[in-house]
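Structure record follows, encoded as structure tokens.
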Amino acid sequence: MSMLRVSEIFGPTIQGEGALIGQATVFVRLGGCDYRCSWCDSLHSVDSEYRHTWAPMETEEVWAKVAELSGGRPLTVTISGGNPAIQDCGPLIERGRALGYGFALETQGSVARDWFSRLAPLVLSPKPPSSGETPDWDRFDDCLAAAGQAEAILKIVVFDETDYAWARDVAARYPQLPVYLQPGNHTPPPADAEDAVIDMDGITDRMDWLVNRTLADGWFAARVLPQLHVLIWGNKRGV
Ligand SMILES: C[S@@+](CC[C@H](N)C(=O)[O-])C[C@H]1O[C@@H](n2cnc3c(N)ncnc32)[C@H](O)[C@@H]1O
Ligand SMILES: Nc1nc2[nH]cc(C(=O)O)c2c(=O)[nH]1
Ligand code: SF4
Ligand SMILES: [Mg+2]
């Protein structure tokens, strides 16, 4: 039997980021991460201090919750975290796929798994300089190789000019991948907050800057998207 450490399961809600923005989804957020991004907006699923809140659940229990929240109507389930690739999501993905559900997974690209080939899409979000983390590109390439023919996309968070230039370089290195640029939230919630004040004007200004920067640069292949759930619900957890 396969066990998962689950931080939260919620939905249905809309996918707020990237290629499937606006689509109905149920989130399975797993606990634990091999990174510590300075601006992480999901610290309650990262910081080991919160480990006691991550419920050990059998695949079947996780599946029952997803089926209940979706009313048994197939949709694309989003697996996120933390870094969900440090756990074995294969059995959950197969359980849902057999019933017509699809699975998208959000990861930074530091750990490759053979079940990446069962995803639609694999969302790879390599971390820019502002995060304080440095991607290992060999491991990142292993993730892409593991996806094989499955759809993969790049979703890069941009806070400033340095991040922007870095994003351009990364995109040039992976010309086959669609690129989504996402303005950073410089006011992410603390780990112990269910909600927290957010500087929405600051985020909107960064979105405005990022759109103009990308267009002025002639980078027309990039898609610039806000975190839609943040526009609607701010820093609220579980949406
Ligand atoms: C919380 S992470 C979990 C999945 C995985 N660890 C990762 O980073 O891709 C989900 C997405 O949120 C993004 N994210 C995290 N903190 C953010 C922030 N403060 N502003 C904008 N996006 C953020 C990440 O870059 C990632 O694309
Ligand atoms: N609505 C909504 N969309 C999201 N897209 C990626 C998220 C994540 O935290 O991985 C996220 C999230 O937490 N909520
Ligand atoms: S990799 Fe993702 S979950 Fe981990 S600290 Fe960074 S943003 Fe947070
Ligand atoms: Mg989030």
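By order in the structure tokens, chains are A, B, ...; within a chain, residues start at 1; ligands start at 1, following the order shown.
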Practice prompt. Step by step, measure atom-to-atom distances between ligand 2 and each residue using only C-alpha atoms and all ligand atoms, keep those at most 6 Å, then write them as an MDAnalysis selection string.
Written response: chainID A and resid 13:17 80 106 229 239
Item to complete: Taking the chain letters and numbering used in this document, name the residues of region 4-234 of chain A that DSSP puts in alpha helix (DSSP H), as an MDAnalysis selection string.
Response: chainID A and resid 59:69 90:97 137:147 161:173 200:216 228:233
Discussion item. I want to know what sits within 6 Å of region 107-114 of chain A, based on only C-alpha atoms, with residues of the same chain fewer than 5 positions away left out; could you give that as a PyMOL selection string?
Written reply: chain A and resi 83+85+124-126+139-140+142-143+146
Practice prompt. Dump the neighbourhood of ligand 3 as an MDAnalysis selection string: all residues within 6 Å, distances computed on only C-alpha atoms and all ligand atoms.
Written response: chainID A and resid 33 35:37 40 42 46 81:83 108
Requested write-out: C-alpha atoms of the selected residues, as a CSV table (one decimal), in the first residue's frame:
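Contents of result_28.csv, as written:
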chain,number,residue,atom,x,y,z
A,33,CYS,CA,10.0,20.1,0.1
A,35,TYR,CA,13.8,23.7,-1.4
A,36,ARG,CA,13.3,26.7,0.8
A,37,CYS,CA,12.4,29.6,-1.5
A,40,CYS,CA,7.3,30.6,-0.9
A,42,SER,CA,2.9,27.5,0.8
A,46,VAL,CA,7.2,23.0,3.3
A,81,GLY,CA,3.1,20.9,-2.4
A,82,GLY,CA,5.8,21.3,-1.2
A,83,ASN,CA,7.6,19.3,-3.9
A,108,GLN,CA,10.5,22.8,-9.3
Fill in: Test item: residues at most 7 Å from Gln182 (chain A), only C-alpha atoms, excluding those fewer than 4 positions along its chain, as a ChimeraX atom specification
/A:156-158,224-227
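Listed by chain and then by rising number, the residues of region 132-195 of chain A that DSSP assigns to strand (DSSP E) from the backbone are Ala152, Ile153, Leu154, Lys155, Ile156, Val157, Val158, Val179, Tyr180, Leu181, Gln182 and Pro183 of chain A.
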Using the selection just defined, write its residues with C-alpha atoms as a PDB file, in the first residue's frame.
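Result written to again00.pdb:
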ATOM      1  CA  ALA A 152       5.405  19.687 -20.079  1.00  0.00           C
ATOM      2  CA  ILE A 153       5.366  23.445 -19.561  1.00  0.00           C
ATOM      3  CA  LEU A 154       7.655  26.025 -17.985  1.00  0.00           C
ATOM      4  CA  LYS A 155       6.152  28.363 -15.400  1.00  0.00           C
ATOM      5  CA  ILE A 156       8.622  30.919 -14.139  1.00  0.00           C
ATOM      6  CA  VAL A 157       8.024  33.346 -11.294  1.00  0.00           C
ATOM      7  CA  VAL A 158       9.529  36.769 -11.948  1.00  0.00           C
ATOM      8  CA  VAL A 179       6.581  29.423 -21.278  1.00  0.00           C
ATOM      9  CA  TYR A 180       4.337  31.087 -18.702  1.00  0.00           C
ATOM     10  CA  LEU A 181       5.644  34.054 -16.734  1.00  0.00           C
ATOM     11  CA  GLN A 182       4.049  34.751 -13.361  1.00  0.00           C
ATOM     12  CA  PRO A 183       4.590  37.921 -11.315  1.00  0.00           C
TER      13      PRO A 183
END
Worksheet entry | Distance criterion (only C-alpha atoms): nearest to Gly184 (chain A) out of A:Gly96, A:Gly202, A:Pro84, A:Gly234 |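 For Gly184 (chain A), the nearest of the candidates is A:Gly202.
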I'd like the neighbourhood of Phe116 (chain A) as an mmCIF file with N, CA and C atoms, in the first residue's frame, where a residue qualifies if any of its atoms comes within 9 Å (using only C-alpha atoms), though same-chain residues fewer than 5 positions away should be ignored.
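Result went into around00.cif, see below:
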data_model
loop_
_atom_site.group_PDB
_atom_site.id
_atom_site.type_symbol
_atom_site.label_atom_id
_atom_site.label_comp_id
_atom_site.auth_asym_id
_atom_site.auth_seq_id
_atom_site.Cartn_x
_atom_site.Cartn_y
_atom_site.Cartn_z
ATOM 1 N N ALA A 85 7.053 15.623 -5.951
ATOM 2 C CA ALA A 85 7.882 14.584 -6.585
ATOM 3 C C ALA A 85 8.733 13.815 -5.572
ATOM 4 N N GLY A 90 2.449 7.877 -8.085
ATOM 5 C CA GLY A 90 2.077 6.967 -9.174
ATOM 6 C C GLY A 90 0.750 6.246 -8.937
ATOM 7 N N LEU A 105 0.776 18.202 -12.359
ATOM 8 C CA LEU A 105 1.639 18.237 -11.168
ATOM 9 C C LEU A 105 2.588 19.410 -11.240
ATOM 10 N N PRO A 121 -0.669 18.631 -17.589
ATOM 11 C CA PRO A 121 0.743 18.609 -17.926
ATOM 12 C C PRO A 121 1.634 18.421 -16.680
ATOM 13 N N LEU A 122 2.928 18.215 -16.963
ATOM 14 C CA LEU A 122 3.962 18.345 -15.935
ATOM 15 C C LEU A 122 4.337 19.830 -15.937
ATOM 16 N N CYS A 143 13.994 15.312 -15.275
ATOM 17 C CA CYS A 143 12.541 15.454 -15.139
ATOM 18 C C CYS A 143 11.884 15.492 -16.517
ATOM 19 N N LEU A 144 12.477 16.269 -17.410
ATOM 20 C CA LEU A 144 11.939 16.367 -18.770
ATOM 21 C C LEU A 144 12.005 15.028 -19.484
ATOM 22 N N ALA A 146 11.950 12.136 -18.076
ATOM 23 C CA ALA A 146 10.964 11.232 -17.459
ATOM 24 C C ALA A 146 9.566 11.504 -18.006
ATOM 25 N N ALA A 147 9.286 12.758 -18.349
ATOM 26 C CA ALA A 147 7.965 13.092 -18.902
ATOM 27 C C ALA A 147 7.773 12.435 -20.267
ATOM 28 N N GLY A 148 8.849 12.272 -21.002
ATOM 29 C CA GLY A 148 8.749 11.631 -22.323
ATOM 30 C C GLY A 148 7.808 12.387 -23.231
ATOM 31 N N ALA A 150 4.718 13.049 -22.619
ATOM 32 C CA ALA A 150 3.696 13.809 -21.883
ATOM 33 C C ALA A 150 3.960 15.305 -22.043
#
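Remark: for Arg237 (chain A), the closest of the candidate residues A:Cys89, A:Met207, A:Leu99, A:Ala193 is A:Ala193 (distances computed over only C-alpha atoms).
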Fill in: Residue with smallest distance to ligand 1 - pool A:Val66, A:Leu92, A:Ala171, A:Ala191, counting only C-alpha atoms and all ligand atoms
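With only C-alpha atoms and all ligand atoms as the atom set, the closest residue is A:Ala191.
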Fill in: Trp166 (chain A) environment, 12 Å, only C-alpha atoms, sequence neighbours closer than 3 positions dropped, as number ranges by chain
A: 126-130, 134-135, 156-163, 169-173, 181
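CA of Val197 (chain A) lies 25.8 Å from CA of Val6 (chain A).
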Item to complete: Find, counting only C-alpha atoms and all ligand atoms, the residue in A:Thr53, A:Gln23, A:Thr78, A:Gln149 that gets nearest to ligand 1.
Response: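 Ranking A:Thr53, A:Gln23, A:Thr78, A:Gln149 by distance to ligand 1, first place goes to A:Thr78.
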Worksheet entry | Selected residue, from A:Asn235, A:Gly218, A:Tyr164, A:Ile93, that lies nearest to Arg206 (chain A) when counting only C-alpha atoms |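 Looking at the shortest contact to Arg206 (chain A), the residue is A:Tyr164.
Proximity ranking of A:Arg223, A:Arg213, A:Trp137, A:His52 relative to Ile21 (chain A) places A:Arg223 first, based on only C-alpha atoms.
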